[in-house]
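A quick write-up on the structure given underneath.
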Amino acid sequence: MRTFRVVVALLLATSLVLAVTGCSSKDVAAKVNGEVIKRSDLDVQIEKLKEQYPDMFTGPDAEGRLLDFQQRLLDNMINNVLIRQAAEEKGIKISDSDVQKQIDTLKENFQSPEQFTQALDQAGMTEDTLKEQVRDQLLTEELIKQISADTPVTEKEIEEYYKANASQFEEKAAVHAAHILFEESDKATAEKVLKELKGGGNFASLAKQYSKDPVSAEKGGDLGWPTTPYVPEFEAAAQKLKADEMSGLVKTTFGYHIIKLIEKRENRQKPIDEVKDQIEQIIVQQRNADAYQKFLDDQRAKADIEILIPELQAAPEAQDATSTAK
């Protein structure tokens, strides 16, 4: 589910703009090398933002924030047209099968087709519009591949990054635990399960059967290494345990827990050999981002861009972008 929201947010931020002919002059937000961006397309994106974040468009500064969002969205739409035009010049094409593969990957994050459709509705999208936006995103990714230098990352670069960002590779002390969660009103069941465990019951099996935490229950109660702190009562109880040792009933704001410690780790600095591949990937991603931004700046510098919304012409960002493009 999270994957879908991230992808949709990215796609909306760089929303697809189609070439339009024969539209009313009042419906023109901008022209990019003669290609029209419709004012109505920009308005649709603004309305989606208003629906998703209504509080951002109320209050004394609402008008200024609205203008800022209009400018940002229009700027993204202009960039998107420039990227698509450049991709066409380079002969980059995305097949229907490539698009469908991406859609199918997104669908895998949902339990049913109905859940996927519901998520699309909440985002104000249809599967057809999602397909077009995925196609546009794949065009951008393919363009980045072509403009990025294919130069191997050196050992020196990896070492320099590691030294400059040592704190990024610190591993904090933590406990890897499993638990069985019961509602506060169901202490009797918690006591019954605890008694069964003390009598030799299988922790994983009983977690799957009784735990009210559905995510960890599927994994036999295993919580994995924490990415956020546990509530204090849980953390304190877990810290007292030894590996494979089990707690009694531990009450927190979530209810009653039976905790089993799997392992502990102390603070440590990950050695460079352990994170070398990760650093290499970070450096490549940064190179690609820099190459993309330079390419986009160059495209804007030589493009013929007209902003036709008066209030956005007056915005400093619009003036800078237009003067640069001219």
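Each chain in the structure tokens gets a letter, A, B and so on, in the order shown; residues start at 1 in every chain, and ligands are counted from 1 in the order they appear.
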
As an MDAnalysis selection string, list the residues of region 124-316 of chain A assigned to alpha helix (DSSP H) by DSSP on the backbone atoms of this structure. chainID A and resid 127:147 155:164 187:198 203:210 214:217 232:239 272:302 310:313 316

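Residues surrounding Val284 (chain A) within 12 Å are Ile144, Lys145, Ser148, Ala149, Asp150, Thr151, Pro152, Val153, Thr154, Glu157, Ile158, Asp277, Gln278, Ile279, Glu280, Gln281, Ile282, Gln286, Arg287, Asn288, Ala289, Asp290 and Ala291 of chain A [only C-alpha atoms; sequence separation below 2 positions excluded].
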
Write out as a ChimeraX atom specification which residues come within 12 Å of Ile83 (chain A) when counting only C-alpha atoms, dropping same-chain ones fewer than 5 positions away. /A:14,16-17,32,76-78,88-90,92,136-144,147,292-293,295-300,303

Please produce a file of the residues just selected, as a compact mmCIF listing (two decimals), in the first residue's frame, where the atoms kept are C-alpha atoms.
```
# COMPACT_ATOMS: atom_id res chain seq x y z
CA THR A 14 5.21 15.46 -12.34
CA LEU A 16 1.43 14.15 -17.48
CA VAL A 17 0.61 16.95 -19.91
CA VAL A 32 6.44 25.09 -24.33
CA ASN A 76 6.62 20.68 -13.00
CA MET A 77 4.24 20.46 -15.95
CA ILE A 78 6.62 22.57 -18.06
CA GLU A 88 10.95 11.98 -28.52
CA GLU A 89 13.97 13.65 -30.12
CA LYS A 90 16.15 10.81 -28.84
CA ILE A 92 12.85 6.88 -26.69
CA ASP A 136 5.60 9.39 -18.71
CA GLN A 137 7.61 8.36 -15.66
CA LEU A 138 9.25 5.48 -17.56
CA LEU A 139 10.18 7.92 -20.32
CA THR A 140 11.95 10.07 -17.75
CA GLU A 141 13.78 7.08 -16.26
CA GLU A 142 14.96 5.94 -19.69
CA LEU A 143 16.11 9.44 -20.55
CA ILE A 144 18.11 9.61 -17.31
CA ILE A 147 22.18 11.16 -20.24
CA TYR A 292 19.14 15.03 -14.90
CA GLN A 293 19.05 18.48 -13.33
CA PHE A 295 20.01 18.35 -18.67
CA LEU A 296 16.73 19.90 -17.56
CA ASP A 297 18.38 23.28 -16.97
CA ASP A 298 19.90 23.12 -20.45
CA GLN A 299 16.52 22.25 -21.97
CA ARG A 300 14.87 25.18 -20.22
CA ALA A 303 13.28 26.39 -24.86
```

So that I can see what lies close to Pro229 (chain A), please list as a list of chain:residue names the residues with an atom at most 12 Å from it, counting only C-alpha atoms and leaving out residues fewer than 3 positions away in the same chain.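 Contacts, with the query itself left out: A:Lys172, A:Ala173, A:Ala174, A:Val175, A:His176, A:Trp225, A:Pro226, A:Pro232, A:Glu233, A:Phe234, A:Glu235, A:Ala236.
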
Those residues you just picked out, can you put them in a file as a short mmCIF file (atom, residue, chain, number, x, y, z; two decimals), in the first residue's frame with N, CA and C atoms?
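Writing the result to selection-v8.cif gives the following:
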```
data_model
loop_
_atom_site.label_atom_id
_atom_site.label_comp_id
_atom_site.auth_asym_id
_atom_site.auth_seq_id
_atom_site.Cartn_x
_atom_site.Cartn_y
_atom_site.Cartn_z
N LYS A 172 22.26 1.69 15.90
CA LYS A 172 21.93 1.95 17.30
C LYS A 172 21.60 0.64 18.03
N ALA A 173 21.82 0.66 19.34
CA ALA A 173 21.46 -0.49 20.17
C ALA A 173 19.96 -0.72 20.08
N ALA A 174 19.55 -1.96 20.00
CA ALA A 174 18.12 -2.25 19.85
C ALA A 174 17.84 -3.70 20.26
N VAL A 175 16.56 -4.00 20.46
CA VAL A 175 16.14 -5.37 20.75
C VAL A 175 15.27 -5.88 19.61
N HIS A 176 15.51 -7.10 19.22
CA HIS A 176 14.70 -7.78 18.22
C HIS A 176 13.78 -8.71 19.00
N TRP A 225 13.64 -5.86 13.59
CA TRP A 225 14.39 -4.80 14.26
C TRP A 225 13.56 -3.52 14.19
N PRO A 226 13.40 -2.81 15.29
CA PRO A 226 12.52 -1.64 15.29
C PRO A 226 13.07 -0.49 14.47
N PRO A 232 7.52 2.99 26.15
CA PRO A 232 8.46 2.77 27.27
C PRO A 232 8.27 1.46 28.03
N GLU A 233 7.01 1.09 28.29
CA GLU A 233 6.77 -0.12 29.07
C GLU A 233 7.25 -1.37 28.31
N PHE A 234 7.02 -1.38 27.01
CA PHE A 234 7.45 -2.51 26.18
C PHE A 234 8.97 -2.57 26.14
N GLU A 235 9.61 -1.41 25.89
CA GLU A 235 11.07 -1.36 25.79
C GLU A 235 11.72 -1.82 27.09
N ALA A 236 11.21 -1.33 28.21
CA ALA A 236 11.79 -1.69 29.51
C ALA A 236 11.70 -3.19 29.77
#
```

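Minimum atom-to-atom distance to Ala177 (chain A), evaluated using only C-alpha atoms, belongs to A:Ile262 out of A:Ile307, A:Ile46, A:Ala87, A:Ile262.
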
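In this comparison, which uses only C-alpha atoms, the residue of A:Asp121, A:Glu245, A:Glu47, A:Glu127 approaching Ala178 (chain A) most closely is A:Glu245.
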
Close residues, Phe169 (chain A) itself excluded, 7 Å, only C-alpha atoms, min 3 positions apart in chain, as a VMD selection string: chain A and resid 166 269 to 270

For the selection just defined, write its residues with C-alpha atoms to a file, as a PDB file, in the first residue's frame.
```pdb
ATOM      1  CA  ALA A 166      30.072   8.090   9.041  1.00  0.00           C
ATOM      2  CA  GLN A 269      29.696   1.468  13.435  1.00  0.00           C
ATOM      3  CA  LYS A 270      29.085  -0.615  10.332  1.00  0.00           C
TER       4      LYS A 270
END
```

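Between CA of Leu241 (chain A) and CA of Pro214 (chain A) there is a distance of 23.9 Å.
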
Name all residues at most 7 Å from region 98-106 of chain A (count only C-alpha atoms; drop same-chain ones fewer than 4 positions away) and give them as an MDAnalysis selection string. chainID A and resid 4 94 131 134:135

Export of prior selection with N, CA and C atoms as a PDB file, in the first residue's frame:
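Resulting contents of part.pdb:
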```pdb
ATOM      1  N   PHE A   4       2.303   2.131  -3.402  1.00  0.00           N
ATOM      2  CA  PHE A   4       1.364   2.790  -4.303  1.00  0.00           C
ATOM      3  C   PHE A   4       1.299   4.275  -3.997  1.00  0.00           C
ATOM      4  N   ILE A  94       8.205   3.970 -24.990  1.00  0.00           N
ATOM      5  CA  ILE A  94       7.823   3.033 -23.930  1.00  0.00           C
ATOM      6  C   ILE A  94       6.667   2.183 -24.438  1.00  0.00           C
ATOM      7  N   LYS A 131      -1.986   4.744 -16.195  1.00  0.00           N
ATOM      8  CA  LYS A 131      -1.140   4.168 -17.239  1.00  0.00           C
ATOM      9  C   LYS A 131      -0.393   5.252 -17.999  1.00  0.00           C
ATOM     10  N   VAL A 134       2.327   6.583 -15.719  1.00  0.00           N
ATOM     11  CA  VAL A 134       3.420   5.610 -15.611  1.00  0.00           C
ATOM     12  C   VAL A 134       4.278   5.651 -16.865  1.00  0.00           C
ATOM     13  N   ARG A 135       3.656   5.752 -18.020  1.00  0.00           N
ATOM     14  CA  ARG A 135       4.406   5.835 -19.278  1.00  0.00           C
ATOM     15  C   ARG A 135       5.340   7.045 -19.254  1.00  0.00           C
TER      16      ARG A 135
END
```

From the options A:Lys260, A:Lys195, A:Gly201, A:Gly255, which residue's atoms come nearest to Ala243 (chain A), counting only C-alpha atoms?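 Counting only C-alpha atoms, the residue closest to Ala243 (chain A) is A:Lys260.
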
Give me, as a compact mmCIF listing (two decimals) with all heavy atoms, in the first residue's frame, the residues of region 4-172 of chain A that a backbone DSSP run labels strand (DSSP E).
```txt
# COMPACT_ATOMS: atom_id res chain seq x y z
N VAL A 28 -5.38 28.25 -21.80
CA VAL A 28 -3.95 28.03 -21.99
C VAL A 28 -3.18 28.58 -20.80
O VAL A 28 -3.23 29.78 -20.52
CB VAL A 28 -3.44 28.70 -23.29
CG1 VAL A 28 -1.93 28.46 -23.43
CG2 VAL A 28 -4.18 28.15 -24.49
N ALA A 29 -2.51 27.72 -20.09
CA ALA A 29 -1.70 28.14 -18.94
C ALA A 29 -0.29 28.52 -19.38
O ALA A 29 0.30 29.47 -18.86
CB ALA A 29 -1.62 27.03 -17.91
N ALA A 30 0.25 27.77 -20.35
CA ALA A 30 1.60 28.02 -20.83
C ALA A 30 1.79 27.33 -22.17
O ALA A 30 1.01 26.45 -22.56
CB ALA A 30 2.63 27.51 -19.83
N LYS A 31 2.84 27.76 -22.88
CA LYS A 31 3.24 27.11 -24.11
C LYS A 31 4.72 26.78 -24.00
O LYS A 31 5.52 27.61 -23.55
CB LYS A 31 3.00 28.01 -25.32
CG LYS A 31 1.53 28.25 -25.65
CD LYS A 31 1.37 29.11 -26.89
CE LYS A 31 -0.10 29.37 -27.21
NZ LYS A 31 -0.25 30.22 -28.42
N VAL A 32 5.06 25.56 -24.40
CA VAL A 32 6.44 25.09 -24.33
C VAL A 32 6.85 24.66 -25.73
O VAL A 32 6.38 23.63 -26.22
CB VAL A 32 6.59 23.92 -23.33
CG1 VAL A 32 8.06 23.51 -23.22
CG2 VAL A 32 6.01 24.29 -21.98
N GLU A 35 3.92 23.88 -27.70
CA GLU A 35 3.00 22.89 -27.16
C GLU A 35 2.22 23.49 -26.00
O GLU A 35 2.80 24.10 -25.09
CB GLU A 35 3.76 21.65 -26.71
CG GLU A 35 2.86 20.54 -26.21
CD GLU A 35 3.62 19.25 -25.96
OE1 GLU A 35 4.71 19.07 -26.54
OE2 GLU A 35 3.12 18.42 -25.18
N VAL A 36 0.92 23.30 -26.01
CA VAL A 36 0.04 23.94 -25.05
C VAL A 36 -0.10 23.12 -23.77
O VAL A 36 -0.28 21.90 -23.81
CB VAL A 36 -1.36 24.16 -25.67
CG1 VAL A 36 -2.38 24.57 -24.61
CG2 VAL A 36 -1.29 25.20 -26.76
N ILE A 37 -0.02 23.80 -22.63
CA ILE A 37 -0.40 23.24 -21.34
C ILE A 37 -1.72 23.91 -20.96
O ILE A 37 -1.80 25.13 -20.86
CB ILE A 37 0.66 23.53 -20.26
CG1 ILE A 37 1.97 22.83 -20.60
CG2 ILE A 37 0.16 23.07 -18.88
CD1 ILE A 37 3.10 23.14 -19.64
N LYS A 38 -2.75 23.11 -20.77
CA LYS A 38 -4.07 23.67 -20.52
C LYS A 38 -4.23 24.17 -19.08
O LYS A 38 -3.77 23.53 -18.14
CB LYS A 38 -5.14 22.60 -20.81
CG LYS A 38 -5.23 22.21 -22.26
CD LYS A 38 -6.17 21.03 -22.46
CE LYS A 38 -7.60 21.41 -22.13
NZ LYS A 38 -8.54 20.27 -22.40
N GLU A 170 25.88 4.32 11.39
CA GLU A 170 25.87 3.88 12.78
C GLU A 170 24.63 3.02 13.02
O GLU A 170 23.55 3.34 12.54
CB GLU A 170 25.83 5.09 13.73
CG GLU A 170 27.12 5.90 13.74
CD GLU A 170 27.01 7.12 14.65
OE1 GLU A 170 25.92 7.29 15.24
OE2 GLU A 170 27.97 7.89 14.73
N GLU A 171 24.82 1.96 13.74
CA GLU A 171 23.71 1.08 14.07
C GLU A 171 23.45 1.20 15.56
O GLU A 171 24.30 0.89 16.38
CB GLU A 171 24.06 -0.37 13.70
CG GLU A 171 22.87 -1.30 13.63
CD GLU A 171 23.25 -2.63 13.02
OE1 GLU A 171 24.08 -3.35 13.62
OE2 GLU A 171 22.73 -2.95 11.94
```

Pick from A:Ile258, A:Ile309, A:Gln122, A:Lys198 nearest to Asp27 (chain A), counting only C-alpha atoms: A:Ile309

If I take CA of Lys187 (chain A) and CA of Gly248 (chain A), how far is one from the other in Å, to one decimal? 12.0 Å

A straight line from CA of Ala237 (chain A) to CA of Gln209 (chain A) spans 22.9 Å

Near Leu66 (chain A), counting only C-alpha atoms, which residues have an atom at most 10 Å away, once you skip same-chain residues fewer than 2 positions from it, shown as a VMD selection string? chain A and resid 46 49 to 50 56 to 58 61 to 64 68 to 72

Those same residues - C-alpha atoms - I'd like them written as a compact mmCIF listing (two decimals), in the first residue's frame.
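Saved file again20.txt follows:
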```txt
# COMPACT_ATOMS: atom_id res chain seq x y z
CA ILE A 46 -4.98 22.08 -7.70
CA LEU A 49 -4.49 18.99 -3.65
CA LYS A 50 -7.41 20.87 -2.07
CA MET A 56 -3.40 24.02 3.55
CA PHE A 57 -5.78 26.22 1.59
CA THR A 58 -7.52 27.96 4.48
CA ASP A 61 -2.16 32.98 3.95
CA ALA A 62 -4.39 30.73 1.82
CA GLU A 63 -4.16 32.90 -1.30
CA GLY A 64 -0.38 33.03 -1.17
CA ASP A 68 2.76 29.02 -4.69
CA PHE A 69 1.25 25.60 -5.43
CA GLN A 70 0.03 26.78 -8.84
CA GLN A 71 3.52 27.97 -9.66
CA ARG A 72 5.16 24.74 -8.50
```
